[in-house]
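Pasting work_15.txt here (compact mmCIF, N, CA and C atoms):
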```txt
# COMPACT_ATOMS: atom_id res chain seq x y z
N MET L 203 11.79 -12.23 11.42
CA MET L 203 10.56 -12.41 12.17
C MET L 203 10.46 -11.37 13.29
N GLY L 204 11.58 -11.13 13.99
CA GLY L 204 11.58 -10.12 15.05
C GLY L 204 11.25 -8.75 14.49
N GLY L 205 11.82 -8.43 13.34
CA GLY L 205 11.55 -7.14 12.71
C GLY L 205 10.09 -7.00 12.31
N ALA L 206 9.52 -8.07 11.79
CA ALA L 206 8.10 -8.03 11.41
C ALA L 206 7.21 -7.80 12.64
N LEU L 207 7.51 -8.50 13.72
CA LEU L 207 6.72 -8.32 14.94
C LEU L 207 6.90 -6.93 15.53
N GLY L 208 8.12 -6.41 15.47
CA GLY L 208 8.37 -5.06 15.98
C GLY L 208 7.64 -4.01 15.16
N ALA L 209 7.69 -4.15 13.84
CA ALA L 209 7.00 -3.19 12.97
C ALA L 209 5.49 -3.27 13.17
N LEU L 210 4.97 -4.47 13.31
CA LEU L 210 3.54 -4.63 13.54
C LEU L 210 3.14 -4.01 14.88
N SER L 211 3.95 -4.21 15.90
CA SER L 211 3.67 -3.62 17.21
C SER L 211 3.68 -2.10 17.14
N ARG L 212 4.64 -1.54 16.43
CA ARG L 212 4.71 -0.09 16.27
C ARG L 212 3.48 0.43 15.55
N PHE L 213 3.08 -0.26 14.51
CA PHE L 213 1.90 0.13 13.74
C PHE L 213 0.64 0.10 14.62
N ILE L 214 0.49 -0.94 15.40
CA ILE L 214 -0.70 -1.09 16.25
C ILE L 214 -0.70 -0.02 17.35
N ILE L 215 0.42 0.13 18.04
CA ILE L 215 0.48 1.11 19.14
C ILE L 215 0.32 2.52 18.60
N GLY L 216 1.05 2.85 17.54
CA GLY L 216 0.93 4.18 16.95
C GLY L 216 -0.49 4.44 16.47
N GLY L 217 -1.10 3.45 15.84
CA GLY L 217 -2.47 3.59 15.36
C GLY L 217 -3.46 3.78 16.49
N LEU L 218 -3.27 3.04 17.57
CA LEU L 218 -4.16 3.20 18.73
C LEU L 218 -4.05 4.59 19.32
N LEU L 219 -2.83 5.09 19.42
CA LEU L 219 -2.64 6.43 19.97
C LEU L 219 -3.28 7.49 19.07
N PHE L 220 -3.09 7.35 17.77
CA PHE L 220 -3.64 8.33 16.84
C PHE L 220 -5.17 8.29 16.82
N LYS L 221 -5.73 7.09 16.76
CA LYS L 221 -7.18 6.97 16.61
C LYS L 221 -7.93 7.10 17.93
N ARG L 222 -7.47 6.42 18.94
CA ARG L 222 -8.21 6.39 20.21
C ARG L 222 -8.04 7.68 21.02
N LEU L 223 -6.82 8.22 21.01
CA LEU L 223 -6.54 9.40 21.82
C LEU L 223 -6.49 10.68 21.00
N ASP L 224 -6.70 10.53 19.69
CA ASP L 224 -6.67 11.67 18.79
C ASP L 224 -5.37 12.47 18.91
N ILE L 225 -4.26 11.73 18.95
CA ILE L 225 -2.94 12.33 19.07
C ILE L 225 -2.35 12.50 17.68
N GLU L 226 -1.82 13.67 17.39
CA GLU L 226 -1.20 13.92 16.10
C GLU L 226 0.31 13.73 16.21
N PRO L 227 0.98 13.57 15.06
CA PRO L 227 2.44 13.48 15.11
C PRO L 227 3.02 14.73 15.75
N PRO L 228 4.07 14.65 16.50
CA PRO L 228 5.00 13.54 16.66
C PRO L 228 4.77 12.71 17.92
N TRP L 229 3.66 12.87 18.61
CA TRP L 229 3.49 12.27 19.94
C TRP L 229 3.39 10.75 19.92
N GLY L 230 2.78 10.17 18.92
CA GLY L 230 2.72 8.71 18.84
C GLY L 230 4.10 8.11 18.62
N THR L 231 4.85 8.72 17.71
CA THR L 231 6.21 8.24 17.43
C THR L 231 7.10 8.42 18.65
N LEU L 232 6.96 9.55 19.34
CA LEU L 232 7.74 9.79 20.55
C LEU L 232 7.44 8.72 21.59
N THR L 233 6.17 8.37 21.76
CA THR L 233 5.78 7.33 22.72
C THR L 233 6.42 5.99 22.37
N VAL L 234 6.37 5.62 21.10
CA VAL L 234 6.97 4.36 20.66
C VAL L 234 8.48 4.39 20.87
N ASN L 235 9.14 5.49 20.48
CA ASN L 235 10.59 5.57 20.64
C ASN L 235 11.01 5.50 22.10
N LEU L 236 10.29 6.18 22.99
CA LEU L 236 10.66 6.17 24.41
C LEU L 236 10.42 4.79 25.02
N SER L 237 9.31 4.16 24.69
CA SER L 237 9.07 2.82 25.24
C SER L 237 10.08 1.83 24.67
N GLY L 238 10.48 2.01 23.41
CA GLY L 238 11.53 1.16 22.83
C GLY L 238 12.86 1.34 23.53
N CYS L 239 13.20 2.58 23.89
CA CYS L 239 14.42 2.84 24.65
C CYS L 239 14.35 2.17 26.02
N LEU L 240 13.20 2.25 26.65
CA LEU L 240 13.02 1.61 27.96
C LEU L 240 13.21 0.10 27.84
N PHE L 241 12.55 -0.52 26.87
CA PHE L 241 12.67 -1.97 26.69
C PHE L 241 14.09 -2.37 26.33
N MET L 242 14.77 -1.57 25.51
CA MET L 242 16.14 -1.87 25.12
C MET L 242 17.05 -1.84 26.34
N GLY L 243 16.84 -0.86 27.23
CA GLY L 243 17.63 -0.78 28.45
C GLY L 243 17.42 -1.98 29.35
N VAL L 244 16.16 -2.40 29.50
CA VAL L 244 15.85 -3.58 30.32
C VAL L 244 16.52 -4.82 29.74
N ILE L 245 16.36 -5.05 28.45
CA ILE L 245 16.94 -6.23 27.80
C ILE L 245 18.46 -6.20 27.91
N LEU L 246 19.07 -5.04 27.68
CA LEU L 246 20.52 -4.93 27.77
C LEU L 246 21.02 -5.30 29.16
N SER L 247 20.35 -4.81 30.19
CA SER L 247 20.79 -5.11 31.55
C SER L 247 20.61 -6.59 31.85
N TRP L 248 19.56 -7.20 31.33
CA TRP L 248 19.36 -8.64 31.53
C TRP L 248 20.42 -9.44 30.81
N VAL L 249 20.76 -9.03 29.59
CA VAL L 249 21.78 -9.72 28.81
C VAL L 249 23.13 -9.65 29.52
N GLU L 250 23.45 -8.48 30.08
CA GLU L 250 24.72 -8.33 30.77
C GLU L 250 24.78 -9.18 32.04
N ALA L 251 23.65 -9.31 32.73
CA ALA L 251 23.63 -10.04 33.99
C ALA L 251 23.48 -11.54 33.79
N LYS L 252 22.79 -11.93 32.76
CA LYS L 252 22.51 -13.34 32.50
C LYS L 252 23.06 -13.72 31.14
N SER L 253 24.19 -14.36 31.13
CA SER L 253 24.81 -14.70 29.85
C SER L 253 24.14 -15.91 29.21
N GLY L 254 23.11 -16.49 29.84
CA GLY L 254 22.43 -17.66 29.30
C GLY L 254 21.54 -17.36 28.11
N LEU L 255 21.32 -16.09 27.80
CA LEU L 255 20.49 -15.71 26.65
C LEU L 255 21.31 -15.91 25.38
N SER L 256 20.79 -16.72 24.49
CA SER L 256 21.54 -17.04 23.27
C SER L 256 21.73 -15.80 22.40
N PRO L 257 22.83 -15.75 21.64
CA PRO L 257 23.04 -14.62 20.73
C PRO L 257 21.89 -14.47 19.73
N GLU L 258 21.32 -15.59 19.30
CA GLU L 258 20.21 -15.53 18.35
C GLU L 258 18.99 -14.84 18.97
N LEU L 259 18.68 -15.19 20.21
CA LEU L 259 17.54 -14.56 20.88
C LEU L 259 17.81 -13.09 21.16
N ARG L 260 19.03 -12.76 21.57
CA ARG L 260 19.40 -11.35 21.77
C ARG L 260 19.20 -10.55 20.48
N HIS L 261 19.68 -11.09 19.37
CA HIS L 261 19.54 -10.40 18.07
C HIS L 261 18.08 -10.31 17.66
N PHE L 262 17.32 -11.37 17.90
CA PHE L 262 15.90 -11.38 17.58
C PHE L 262 15.19 -10.24 18.30
N ILE L 263 15.47 -10.09 19.59
CA ILE L 263 14.79 -9.07 20.40
C ILE L 263 15.35 -7.68 20.13
N MET L 264 16.67 -7.52 20.26
CA MET L 264 17.26 -6.19 20.25
C MET L 264 17.37 -5.60 18.84
N ILE L 265 17.83 -6.39 17.91
CA ILE L 265 18.01 -5.88 16.55
C ILE L 265 16.72 -6.03 15.75
N GLY L 266 16.12 -7.21 15.81
CA GLY L 266 14.91 -7.46 15.04
C GLY L 266 13.71 -6.71 15.57
N PHE L 267 13.21 -7.15 16.74
CA PHE L 267 11.98 -6.57 17.27
C PHE L 267 12.12 -5.08 17.60
N LEU L 268 13.07 -4.75 18.48
CA LEU L 268 13.19 -3.36 18.91
C LEU L 268 13.73 -2.45 17.81
N GLY L 269 14.56 -2.98 16.93
CA GLY L 269 15.05 -2.18 15.81
C GLY L 269 13.93 -1.75 14.89
N ALA L 270 12.96 -2.63 14.69
CA ALA L 270 11.81 -2.28 13.84
C ALA L 270 10.75 -1.53 14.63
N TYR L 271 10.67 -1.80 15.93
CA TYR L 271 9.67 -1.14 16.77
C TYR L 271 9.96 0.34 16.95
N THR L 272 11.20 0.68 17.25
CA THR L 272 11.55 2.09 17.37
C THR L 272 11.65 2.67 15.97
N THR L 273 11.24 3.89 15.84
CA THR L 273 10.97 4.41 14.50
C THR L 273 11.70 5.72 14.23
N PHE L 274 13.00 5.68 14.32
CA PHE L 274 13.73 6.92 14.14
C PHE L 274 13.72 7.41 12.70
N SER L 275 13.46 6.54 11.75
CA SER L 275 13.32 7.04 10.38
C SER L 275 12.01 7.83 10.27
N THR L 276 10.97 7.36 10.89
CA THR L 276 9.71 8.10 10.93
C THR L 276 9.90 9.39 11.72
N TYR L 277 10.67 9.30 12.76
CA TYR L 277 10.99 10.46 13.60
C TYR L 277 11.64 11.56 12.75
N MET L 278 12.61 11.18 11.94
CA MET L 278 13.29 12.17 11.11
C MET L 278 12.34 12.75 10.06
N LEU L 279 11.50 11.89 9.48
CA LEU L 279 10.53 12.35 8.50
C LEU L 279 9.58 13.38 9.13
N GLU L 280 9.14 13.12 10.35
CA GLU L 280 8.23 14.04 11.02
C GLU L 280 8.91 15.38 11.33
N ILE L 281 10.19 15.35 11.69
CA ILE L 281 10.93 16.59 11.96
C ILE L 281 11.04 17.42 10.68
N VAL L 282 11.37 16.77 9.57
CA VAL L 282 11.47 17.47 8.29
C VAL L 282 10.10 18.02 7.88
N THR L 283 9.06 17.22 8.06
CA THR L 283 7.70 17.66 7.71
C THR L 283 7.28 18.85 8.55
N LEU L 284 7.52 18.78 9.85
CA LEU L 284 7.19 19.90 10.73
C LEU L 284 7.97 21.16 10.30
N SER L 285 9.22 20.99 9.97
CA SER L 285 10.04 22.13 9.52
C SER L 285 9.51 22.70 8.22
N ASP L 286 9.15 21.83 7.28
CA ASP L 286 8.59 22.28 6.01
C ASP L 286 7.29 23.05 6.21
N GLN L 287 6.56 22.69 7.27
CA GLN L 287 5.30 23.37 7.58
C GLN L 287 5.52 24.66 8.38
N GLY L 288 6.79 24.96 8.67
CA GLY L 288 7.11 26.15 9.45
C GLY L 288 6.88 25.97 10.94
N ARG L 289 6.71 24.74 11.38
CA ARG L 289 6.46 24.44 12.80
C ARG L 289 7.79 24.11 13.48
N TYR L 290 8.70 25.07 13.44
CA TYR L 290 10.06 24.87 13.92
C TYR L 290 10.13 24.59 15.42
N THR L 291 9.30 25.25 16.19
CA THR L 291 9.33 25.04 17.63
C THR L 291 8.94 23.61 17.97
N LEU L 292 7.88 23.10 17.36
CA LEU L 292 7.47 21.72 17.61
C LEU L 292 8.53 20.74 17.14
N ALA L 293 9.17 21.02 16.01
CA ALA L 293 10.26 20.16 15.52
C ALA L 293 11.40 20.12 16.53
N LEU L 294 11.77 21.28 17.07
CA LEU L 294 12.85 21.35 18.05
C LEU L 294 12.46 20.67 19.36
N VAL L 295 11.23 20.87 19.80
CA VAL L 295 10.75 20.20 21.02
C VAL L 295 10.81 18.68 20.84
N ASN L 296 10.41 18.21 19.66
CA ASN L 296 10.46 16.78 19.39
C ASN L 296 11.89 16.25 19.43
N ILE L 297 12.82 16.98 18.83
CA ILE L 297 14.23 16.57 18.84
C ILE L 297 14.74 16.49 20.28
N LEU L 298 14.49 17.54 21.05
CA LEU L 298 14.99 17.58 22.42
C LEU L 298 14.36 16.50 23.30
N LEU L 299 13.03 16.36 23.21
CA LEU L 299 12.36 15.35 24.03
C LEU L 299 12.80 13.94 23.65
N SER L 300 12.89 13.66 22.36
CA SER L 300 13.29 12.32 21.92
C SER L 300 14.70 11.99 22.38
N THR L 301 15.61 12.95 22.27
CA THR L 301 17.00 12.70 22.63
C THR L 301 17.18 12.61 24.14
N VAL L 302 16.72 13.61 24.85
CA VAL L 302 16.94 13.65 26.30
C VAL L 302 16.12 12.57 27.00
N LEU L 303 14.81 12.50 26.69
CA LEU L 303 13.99 11.49 27.36
C LEU L 303 14.34 10.08 26.89
N GLY L 304 14.77 9.93 25.64
CA GLY L 304 15.24 8.62 25.18
C GLY L 304 16.40 8.12 26.03
N PHE L 305 17.35 9.00 26.31
CA PHE L 305 18.48 8.65 27.17
C PHE L 305 18.00 8.32 28.58
N VAL L 306 17.13 9.17 29.13
CA VAL L 306 16.62 8.96 30.49
C VAL L 306 15.85 7.63 30.58
N PHE L 307 14.99 7.35 29.59
CA PHE L 307 14.22 6.11 29.61
C PHE L 307 15.11 4.90 29.43
N PHE L 308 16.17 5.02 28.65
CA PHE L 308 17.11 3.91 28.49
C PHE L 308 17.78 3.59 29.83
N ILE L 309 18.28 4.62 30.51
CA ILE L 309 18.90 4.43 31.82
C ILE L 309 17.89 3.87 32.82
N LEU L 310 16.65 4.39 32.77
CA LEU L 310 15.60 3.86 33.63
C LEU L 310 15.35 2.38 33.33
N GLY L 311 15.38 2.01 32.07
CA GLY L 311 15.21 0.60 31.69
C GLY L 311 16.33 -0.27 32.23
N VAL L 312 17.57 0.22 32.15
CA VAL L 312 18.69 -0.53 32.73
C VAL L 312 18.50 -0.69 34.23
N TRP L 313 18.10 0.37 34.90
CA TRP L 313 17.87 0.33 36.34
C TRP L 313 16.74 -0.66 36.68
N CYS L 314 15.65 -0.60 35.92
CA CYS L 314 14.52 -1.51 36.16
C CYS L 314 14.94 -2.96 35.92
N GLY L 315 15.70 -3.19 34.84
CA GLY L 315 16.16 -4.53 34.55
C GLY L 315 17.03 -5.08 35.64
N LYS L 316 17.94 -4.28 36.17
CA LYS L 316 18.81 -4.72 37.25
C LYS L 316 18.02 -4.93 38.53
N ALA L 317 17.04 -4.05 38.80
CA ALA L 317 16.22 -4.19 40.01
C ALA L 317 15.41 -5.49 39.97
N CYS L 318 14.95 -5.88 38.78
CA CYS L 318 14.17 -7.11 38.66
C CYS L 318 15.03 -8.34 38.89
N LEU L 319 16.32 -8.22 38.70
CA LEU L 319 17.23 -9.36 38.87
C LEU L 319 17.65 -9.58 40.31
N ARG L 320 17.35 -8.62 41.16
CA ARG L 320 17.76 -8.76 42.57
C ARG L 320 16.91 -9.73 43.31
```
Produce structure tokens that represent the structure in this file.
Amino acid sequence: MGGALGALSRFIIGGLLFKRLDIEPPWGTLTVNLSGCLFMGVILSWVEAKSGLSPELRHFIMIGFLGAYTTFSTYMLEIVTLSDQGRYTLALVNILLSTVLGFVFFILGVWCGKACLR
């Protein structure tokens, strides 16, 4: 159920970005991946601070929802597609932004999660 909700959320958010803002790949996927990293960091910090969260709920959120919400398989497909199109610079920019900003957003999520617990 968590996976279904995560995938549906990704589809809706990605679709809104593509249609409403006229954003082409890889920017919608990058937005979903970065927000997923942020949410994962927040949830992780809450789980570490509050052991009252059941393992089932942790798995539902972190593995189910966020696992389906973040779209690294789509990310890889877009990198290969961009490369096949000869758009190597954009493929490399996407790799670097996803990796570096994903890490930064995850740490930011942990920080935000801890700040909310104070």
Open item on the list: Report, in Å with one decimal, the straight-line distance from atom CA of L:Val302 to atom C of L:Ser237.
Closed with: 13.8 Å
TODO: Identify all residues of stretch 205-302 of chain L in alpha helix (DSSP H) (DSSP on the backbone) and supply them as a ChimeraX atom specification.
DONE: /L:205-222,229-251,257-260,268-271,274-286,290-302
Open item on the list: Using only C-alpha atoms, which protein or nucleic acid residues come within 10 Å of L:Leu210? Drop anything in the same chain fewer than 6 positions from it, and give the result as an MDAnalysis selection string.
Closed with: chainID L and resid 204 216 267 270:271
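The smallest atom-to-atom distance between L:Lys316 and any of L:Glu280, L:Trp248, L:Leu268, L:Gln287, using all atoms listed in the file, is found for L:Trp248.
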Task: Proximity to L:Thr272 - best of L:Thr231, L:Ser285, L:Ser256, L:Thr291, only C-alpha atoms - done: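 Smallest separation from L:Thr272 among the options: L:Thr231.
For the atom pair formed by atom CA of L:Phe220 and atom CA of L:Val306, the distance is 24.4 Å, given to one decimal.
Look at L:Ile309: the protein and nucleic acid residues within 8 Å of it, using only N, CA and C atoms and passing over chain neighbours fewer than 5 places away, are Cys239, Leu240, Met242, Gly243, Val244, Leu303, Gly304, Cys314 and Gly315 of chain L.
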- [ ] To one decimal in Å, tell me the separation between atom N of L:Met278 and atom N of L:Leu294.
- [x]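 According to the coordinates, atom N of L:Met278 and atom N of L:Leu294 are separated by 11.4 Å.
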